[in-house]
file query.pdb (PDB, C-alpha atoms, pLDDT in the B column)
ATOM      1  CA  MET A 115       7.373 -18.642 -12.517  1.00 93.00           C
ATOM      2  CA  PRO A 116       6.722 -15.247 -14.175  1.00 98.00           C
ATOM      3  CA  GLU A 117       6.806 -12.116 -12.080  1.00 98.00           C
ATOM      4  CA  PHE A 118       4.138  -9.403 -12.080  1.00 98.00           C
ATOM      5  CA  MET A 119       3.916  -5.873 -10.744  1.00 98.00           C
ATOM      6  CA  ASP A 120       0.390  -4.751 -10.083  1.00 98.00           C
ATOM      7  CA  VAL A 121      -0.700  -1.242  -9.258  1.00 98.00           C
ATOM      8  CA  HIS A 122      -3.608   0.100  -7.214  1.00 98.00           C
ATOM      9  CA  HIS A 123      -4.643   3.746  -7.451  1.00 97.00           C
ATOM     10  CA  ASN A 124      -7.076   5.754  -5.306  1.00 96.00           C
ATOM     11  CA  MET A 125      -5.640   4.409  -2.046  1.00 97.00           C
ATOM     12  CA  LYS A 126      -5.038   7.781  -0.392  1.00 98.00           C
ATOM     13  CA  GLY A 127      -4.795   7.648   3.377  1.00 97.00           C
ATOM     14  CA  LEU A 128      -3.925   3.959   3.446  1.00 97.00           C
ATOM     15  CA  THR A 129      -2.303   3.029   6.765  1.00 98.00           C
ATOM     16  CA  LYS A 130       0.314   0.418   7.551  1.00 98.00           C
ATOM     17  CA  GLU A 131      -2.445  -1.644   9.172  1.00 98.00           C
ATOM     18  CA  ASP A 132      -4.624  -1.378   6.040  1.00 98.00           C
ATOM     19  CA  LEU A 133      -1.744  -2.523   3.851  1.00 98.00           C
ATOM     20  CA  LYS A 134      -0.933  -5.439   6.116  1.00 98.00           C
ATOM     21  CA  ALA A 135      -4.582  -6.512   6.324  1.00 98.00           C
ATOM     22  CA  ALA A 136      -4.941  -6.404   2.538  1.00 97.00           C
ATOM     23  CA  HIS A 137      -1.697  -8.304   2.037  1.00 98.00           C
ATOM     24  CA  ASP A 138      -2.644 -10.929   4.633  1.00 98.00           C
ATOM     25  CA  ALA A 139      -6.017 -11.431   2.909  1.00 98.00           C
ATOM     26  CA  ASP A 140      -4.184 -12.050  -0.374  1.00 98.00           C
ATOM     27  CA  LEU A 141      -1.736 -14.455   1.263  1.00 98.00           C
ATOM     28  CA  ALA A 142      -4.596 -16.429   2.787  1.00 98.00           C
ATOM     29  CA  ILE A 143      -6.030 -17.452  -0.606  1.00 98.00           C
ATOM     30  CA  GLN A 144      -3.135 -16.967  -3.063  1.00 98.00           C
ATOM     31  CA  GLY A 145      -2.381 -20.698  -3.125  1.00 98.00           C
ATOM     32  CA  GLU A 146      -5.709 -21.386  -4.810  1.00 98.00           C
ATOM     33  CA  GLU A 147      -4.322 -19.655  -7.929  1.00 98.00           C
ATOM     34  CA  ASN A 148      -0.653 -20.605  -7.408  1.00 98.00           C
ATOM     35  CA  VAL A 149       0.181 -16.929  -6.837  1.00 98.00           C
ATOM     36  CA  VAL A 150       2.947 -15.847  -4.435  1.00 98.00           C
ATOM     37  CA  PHE A 151       2.740 -12.221  -3.340  1.00 98.00           C
ATOM     38  CA  LYS A 152       6.294 -11.238  -2.464  1.00 98.00           C
ATOM     39  CA  SER A 153       6.220  -7.568  -1.437  1.00 98.00           C
ATOM     40  CA  ALA A 154       4.011  -4.512  -1.536  1.00 98.00           C
ATOM     41  CA  TRP A 155       4.934  -0.837  -1.269  1.00 98.00           C
ATOM     42  CA  ALA A 156       2.568   2.081  -0.695  1.00 98.00           C
ATOM     43  CA  ASP A 157       2.630   5.835  -1.105  1.00 98.00           C
ATOM     44  CA  PRO A 158      -0.361   6.833   1.040  1.00 98.00           C
ATOM     45  CA  GLU A 159      -0.175  10.502   0.001  1.00 98.00           C
ATOM     46  CA  ALA A 160      -0.472   9.804  -3.722  1.00 98.00           C
ATOM     47  CA  GLY A 161      -2.683   6.801  -2.978  1.00 98.00           C
ATOM     48  CA  VAL A 162      -0.731   4.265  -4.999  1.00 98.00           C
ATOM     49  CA  VAL A 163       0.236   0.701  -4.077  1.00 98.00           C
ATOM     50  CA  TYR A 164       2.658  -1.580  -5.964  1.00 98.00           C
ATOM     51  CA  CYS A 165       2.564  -5.348  -5.432  1.00 98.00           C
ATOM     52  CA  LEU A 166       5.230  -7.739  -6.694  1.00 98.00           C
ATOM     53  CA  SER A 167       4.199 -11.338  -7.221  1.00 98.00           C
ATOM     54  CA  GLU A 168       5.062 -14.587  -8.916  1.00 98.00           C
ATOM     55  CA  ALA A 169       2.100 -16.110 -10.692  1.00 98.00           C
ATOM     56  CA  PRO A 170       1.076 -18.317 -13.594  1.00 98.00           C
ATOM     57  CA  SER A 171      -0.695 -15.363 -15.275  1.00 98.00           C
ATOM     58  CA  ALA A 172      -1.835 -11.770 -14.842  1.00 98.00           C
ATOM     59  CA  ASP A 173      -5.391 -13.034 -14.578  1.00 98.00           C
ATOM     60  CA  ALA A 174      -4.472 -15.189 -11.592  1.00 98.00           C
ATOM     61  CA  VAL A 175      -3.135 -12.076  -9.841  1.00 98.00           C
ATOM     62  CA  ARG A 176      -6.284 -10.145 -10.785  1.00 98.00           C
ATOM     63  CA  ARG A 177      -8.590 -12.836  -9.453  1.00 98.00           C
ATOM     64  CA  ILE A 178      -6.916 -12.969  -6.029  1.00 98.00           C
ATOM     65  CA  HIS A 179      -7.004  -9.180  -5.626  1.00 98.00           C
ATOM     66  CA  GLU A 180     -10.646  -9.067  -6.772  1.00 98.00           C
ATOM     67  CA  ARG A 181     -11.723 -11.768  -4.335  1.00 98.00           C
ATOM     68  CA  THR A 182     -10.072  -9.949  -1.424  1.00 98.00           C
ATOM     69  CA  GLY A 183     -11.836  -6.708  -2.310  1.00 97.00           C
ATOM     70  CA  HIS A 184      -9.018  -4.608  -3.741  1.00 96.00           C
ATOM     71  CA  PRO A 185      -8.961  -5.103  -7.527  1.00 98.00           C
ATOM     72  CA  ALA A 186      -5.753  -4.020  -9.247  1.00 98.00           C
ATOM     73  CA  ASP A 187      -5.933  -1.121 -11.710  1.00 98.00           C
ATOM     74  CA  GLU A 188      -2.953  -2.479 -13.672  1.00 98.00           C
ATOM     75  CA  VAL A 189      -1.196  -5.848 -13.738  1.00 98.00           C
ATOM     76  CA  HIS A 190       2.102  -5.853 -15.608  1.00 98.00           C
ATOM     77  CA  PRO A 191       4.200  -8.876 -16.449  1.00 98.00           C
ATOM     78  CA  VAL A 192       7.784  -7.881 -15.622  1.00 98.00           C
ATOM     79  CA  PRO A 193       9.946 -10.428 -17.460  1.00 98.00           C
ATOM     80  CA  LEU A 194      12.973  -8.130 -17.161  1.00 98.00           C
ATOM     81  CA  ALA A 195      14.514  -7.449 -13.766  1.00 98.00           C
ATOM     82  CA  VAL A 196      17.830  -6.338 -12.335  1.00 97.00           C
TER
ATOM     83  CA  MET B 122      16.778   5.537   4.864  1.00 93.00           C
ATOM     84  CA  PRO B 123      13.431   6.160   3.107  1.00 98.00           C
ATOM     85  CA  GLU B 124      12.429   3.955   0.201  1.00 98.00           C
ATOM     86  CA  PHE B 125      11.164   5.194  -3.156  1.00 98.00           C
ATOM     87  CA  MET B 126       9.473   3.589  -6.143  1.00 98.00           C
ATOM     88  CA  ASP B 127      10.044   5.467  -9.361  1.00 98.00           C
ATOM     89  CA  VAL B 128       8.291   4.814 -12.638  1.00 98.00           C
ATOM     90  CA  HIS B 129       9.383   5.298 -16.239  1.00 98.00           C
ATOM     91  CA  HIS B 130       6.855   5.245 -19.069  1.00 97.00           C
ATOM     92  CA  ASN B 131       7.383   5.142 -22.840  1.00 96.00           C
ATOM     93  CA  MET B 132      10.013   2.411 -22.625  1.00 97.00           C
ATOM     94  CA  LYS B 133       8.410   0.036 -25.129  1.00 98.00           C
ATOM     95  CA  GLY B 134      10.794  -2.468 -26.633  1.00 97.00           C
ATOM     96  CA  LEU B 135      13.283  -2.199 -23.791  1.00 97.00           C
ATOM     97  CA  THR B 136      15.609  -5.224 -23.730  1.00 98.00           C
ATOM     98  CA  LYS B 137      17.285  -6.941 -20.815  1.00 98.00           C
ATOM     99  CA  GLU B 138      20.572  -5.387 -21.996  1.00 98.00           C
ATOM    100  CA  ASP B 139      19.009  -1.898 -22.076  1.00 97.00           C
ATOM    101  CA  LEU B 140      17.689  -2.326 -18.549  1.00 98.00           C
ATOM    102  CA  LYS B 141      21.020  -3.571 -17.247  1.00 98.00           C
ATOM    103  CA  ALA B 142      22.932  -0.753 -18.958  1.00 98.00           C
ATOM    104  CA  ALA B 143      20.579   1.869 -17.501  1.00 97.00           C
ATOM    105  CA  HIS B 144      20.771   0.312 -14.042  1.00 98.00           C
ATOM    106  CA  ASP B 145      24.566   0.061 -14.187  1.00 98.00           C
ATOM    107  CA  ALA B 146      24.793   3.745 -15.179  1.00 98.00           C
ATOM    108  CA  ASP B 147      22.705   4.640 -12.127  1.00 98.00           C
ATOM    109  CA  LEU B 148      24.806   2.447  -9.834  1.00 98.00           C
ATOM    110  CA  ALA B 149      27.990   4.104 -11.090  1.00 98.00           C
ATOM    111  CA  ILE B 150      27.006   7.545  -9.749  1.00 98.00           C
ATOM    112  CA  GLN B 151      24.327   6.844  -7.131  1.00 98.00           C
ATOM    113  CA  GLY B 152      26.807   7.311  -4.285  1.00 98.00           C
ATOM    114  CA  GLU B 153      27.155  10.987  -5.136  1.00 98.00           C
ATOM    115  CA  GLU B 154      23.571  11.471  -3.928  1.00 98.00           C
ATOM    116  CA  ASN B 155      23.586   8.717  -1.285  1.00 98.00           C
ATOM    117  CA  VAL B 156      21.038   6.778  -3.323  1.00 98.00           C
ATOM    118  CA  VAL B 157      20.986   2.965  -3.397  1.00 98.00           C
ATOM    119  CA  PHE B 158      19.068   1.471  -6.313  1.00 98.00           C
ATOM    120  CA  LYS B 159      17.922  -1.945  -5.121  1.00 98.00           C
ATOM    121  CA  SER B 160      15.915  -3.499  -7.949  1.00 98.00           C
ATOM    122  CA  ALA B 161      14.220  -2.627 -11.209  1.00 98.00           C
ATOM    123  CA  TRP B 162      11.441  -4.442 -13.064  1.00 98.00           C
ATOM    124  CA  ALA B 163      10.317  -3.835 -16.625  1.00 98.00           C
ATOM    125  CA  ASP B 164       7.294  -4.617 -18.770  1.00 98.00           C
ATOM    126  CA  PRO B 165       8.725  -4.039 -22.263  1.00 98.00           C
ATOM    127  CA  GLU B 166       5.342  -4.490 -23.966  1.00 98.00           C
ATOM    128  CA  ALA B 167       3.615  -1.747 -22.000  1.00 98.00           C
ATOM    129  CA  GLY B 168       6.881   0.196 -21.820  1.00 98.00           C
ATOM    130  CA  VAL B 169       6.939   0.698 -18.082  1.00 98.00           C
ATOM    131  CA  VAL B 170       9.854   0.354 -15.658  1.00 98.00           C
ATOM    132  CA  TYR B 171       9.681   0.365 -11.848  1.00 98.00           C
ATOM    133  CA  CYS B 172      12.786   1.107  -9.772  1.00 98.00           C
ATOM    134  CA  LEU B 173      13.015   0.566  -6.028  1.00 98.00           C
ATOM    135  CA  SER B 174      15.611   2.611  -4.161  1.00 98.00           C
ATOM    136  CA  GLU B 175      16.688   3.897  -0.795  1.00 98.00           C
ATOM    137  CA  ALA B 176      17.509   7.583  -0.860  1.00 98.00           C
ATOM    138  CA  PRO B 177      17.580  10.735   1.229  1.00 98.00           C
ATOM    139  CA  SER B 178      14.866  12.311  -0.947  1.00 98.00           C
ATOM    140  CA  ALA B 179      12.821  11.923  -4.118  1.00 98.00           C
ATOM    141  CA  ASP B 180      14.882  14.713  -5.664  1.00 98.00           C
ATOM    142  CA  ALA B 181      18.076  12.721  -5.131  1.00 98.00           C
ATOM    143  CA  VAL B 182      16.523   9.825  -7.070  1.00 98.00           C
ATOM    144  CA  ARG B 183      15.372  12.215  -9.794  1.00 98.00           C
ATOM    145  CA  ARG B 184      18.809  13.759 -10.174  1.00 98.00           C
ATOM    146  CA  ILE B 185      20.592  10.427 -10.628  1.00 98.00           C
ATOM    147  CA  HIS B 186      18.079   9.235 -13.243  1.00 98.00           C
ATOM    148  CA  GLU B 187      18.301  12.593 -15.067  1.00 98.00           C
ATOM    149  CA  ARG B 188      22.070  12.551 -15.178  1.00 98.00           C
ATOM    150  CA  THR B 189      22.110   9.045 -16.626  1.00 98.00           C
ATOM    151  CA  GLY B 190      19.683  10.029 -19.358  1.00 97.00           C
ATOM    152  CA  HIS B 191      16.481   8.311 -18.270  1.00 96.00           C
ATOM    153  CA  PRO B 192      14.472  10.774 -16.171  1.00 98.00           C
ATOM    154  CA  ALA B 193      11.717   9.241 -14.045  1.00 98.00           C
ATOM    155  CA  ASP B 194       8.109  10.151 -14.829  1.00 98.00           C
ATOM    156  CA  GLU B 195       7.068   9.561 -11.220  1.00 98.00           C
ATOM    157  CA  VAL B 196       9.005   9.207  -7.966  1.00 98.00           C
ATOM    158  CA  HIS B 197       6.940   7.973  -5.032  1.00 98.00           C
ATOM    159  CA  PRO B 198       8.050   7.751  -1.439  1.00 98.00           C
ATOM    160  CA  VAL B 199       6.847   4.351  -0.200  1.00 98.00           C
ATOM    161  CA  PRO B 200       6.971   4.592   3.591  1.00 98.00           C
ATOM    162  CA  LEU B 201       4.664   1.583   3.919  1.00 98.00           C
ATOM    163  CA  ALA B 202       5.870  -1.845   2.879  1.00 98.00           C
ATOM    164  CA  VAL B 203       5.021  -5.463   3.589  1.00 97.00           C
TER
END
call {"tool": "encode", "arguments": {"input": "query.pdb", "output": "structure tokens"}}
result
Amino acid sequence: MPEFMDVHHNMKGLTKEDLKAAHDADLAIQGEENVVFKSAWADPEAGVVYCLSEAPSADAVRRIHERTGHPADEVHPVPLAV
Amino acid sequence: MPEFMDVHHNMKGLTKEDLKAAHDADLAIQGEENVVFKSAWADPEAGVVYCLSEAPSADAVRRIHERTGHPADEVHPVPLAV
């Protein structure tokens, strides 16, 4: 399954609890789009969040994040990884 | 050890071999700055590369990437992760 890195901006002040709540909301419905969110990393000072997933398409990733109230600003297929 | 996500732009057309060569060059000298590059993901169409590392500081990450000829455009501490 292809991997994607999506990016959220304007998340300044995000807490660990906020990140976990957002991630848990994604996990709760990801199966409806066959998405698997694997990890997420946040820089709360710059307000940026990176989410790594496996998904059938970028749009599937977008739809899950939109439904849980935190639309992604960018969704990148990342076919190359080391 | 703190984690960092660094980002490289303007990498359009990057191949799997390019990514591996760049990553291997970083691995070869990372110990001199106590950096551990863990993974890297690339979107060759958009020309963006994300590198996840553990390091004593963002500057340590910057120095390794500069010395190996691919300076990072952004280096973000990511103290929050799920």
call {"tool": "closest_residue", "arguments": {"input": "query.pdb", "among": "B:Ser160, B:Ser178, B:Asn131, B:Gln151", "to": "B:His197", "atoms": "all atoms listed in the file"}}
result
B:Ser178
call {"tool": "resolve_selection", "arguments": {"input": "query.pdb", "expression": "the PyMOL selection byres ((chain B) within 6 of (chain A))", "output": "compact mmCIF listing (two decimals) with C-alpha atoms, in the frame of the given file"}}
result
# COMPACT_ATOMS: atom_id res chain seq x y z
CA LYS B 137 17.28 -6.94 -20.82
CA SER B 160 15.92 -3.50 -7.95
CA ALA B 161 14.22 -2.63 -11.21
CA TRP B 162 11.44 -4.44 -13.06
CA ALA B 163 10.32 -3.84 -16.62
CA ASP B 164 7.29 -4.62 -18.77
CA PRO B 198 8.05 7.75 -1.44
CA VAL B 199 6.85 4.35 -0.20
CA LEU B 201 4.66 1.58 3.92
CA ALA B 202 5.87 -1.84 2.88
CA VAL B 203 5.02 -5.46 3.59
call {"tool": "resolve_selection", "arguments": {"input": "query.pdb", "expression": "the PyMOL selection byres ((chain B and resi 146) around 10)", "output": "PyMOL selection string"}}
result
chain B and resi 140-145+147-151+185-186+188-191
call {"tool": "write_last_selection", "arguments": {"input": "query.pdb", "atoms": "C-alpha atoms", "output": "JSON list (two decimals), in the coordinates of the input"}}
result
[["chain", "number", "residue", "atom", "x", "y", "z"],
["B", 140, "LEU", "CA", 17.69, -2.33, -18.55],
["B", 141, "LYS", "CA", 21.02, -3.57, -17.25],
["B", 142, "ALA", "CA", 22.93, -0.75, -18.96],
["B", 143, "ALA", "CA", 20.58, 1.87, -17.50],
["B", 144, "HIS", "CA", 20.77, 0.31, -14.04],
["B", 145, "ASP", "CA", 24.57, 0.06, -14.19],
["B", 147, "ASP", "CA", 22.70, 4.64, -12.13],
["B", 148, "LEU", "CA", 24.81, 2.45, -9.83],
["B", 149, "ALA", "CA", 27.99, 4.10, -11.09],
["B", 150, "ILE", "CA", 27.01, 7.54, -9.75],
["B", 151, "GLN", "CA", 24.33, 6.84, -7.13],
["B", 185, "ILE", "CA", 20.59, 10.43, -10.63],
["B", 186, "HIS", "CA", 18.08, 9.24, -13.24],
["B", 188, "ARG", "CA", 22.07, 12.55, -15.18],
["B", 189, "THR", "CA", 22.11, 9.04, -16.63],
["B", 190, "GLY", "CA", 19.68, 10.03, -19.36],
["B", 191, "HIS", "CA", 16.48, 8.31, -18.27]]
call {"tool": "residues_around", "arguments": {"input": "query.pdb", "residues": "B:Val156", "least_positions_apart": "5", "cutoff": "7 Å", "atoms": "only C-alpha atoms", "output": "list of chain:residue names"}}
result
B:Gln151, B:Ser174, B:Glu175, B:Ala176, B:Pro177, B:Ala181, B:Val182
call {"tool": "resolve_selection", "arguments": {"input": "query.pdb", "expression": "the PyMOL selection byres ((chain B and resi 195) around 6)", "output": "list in words"}}
result
Asp127, Val128, Ala193, Asp194 and Val196 of chain B
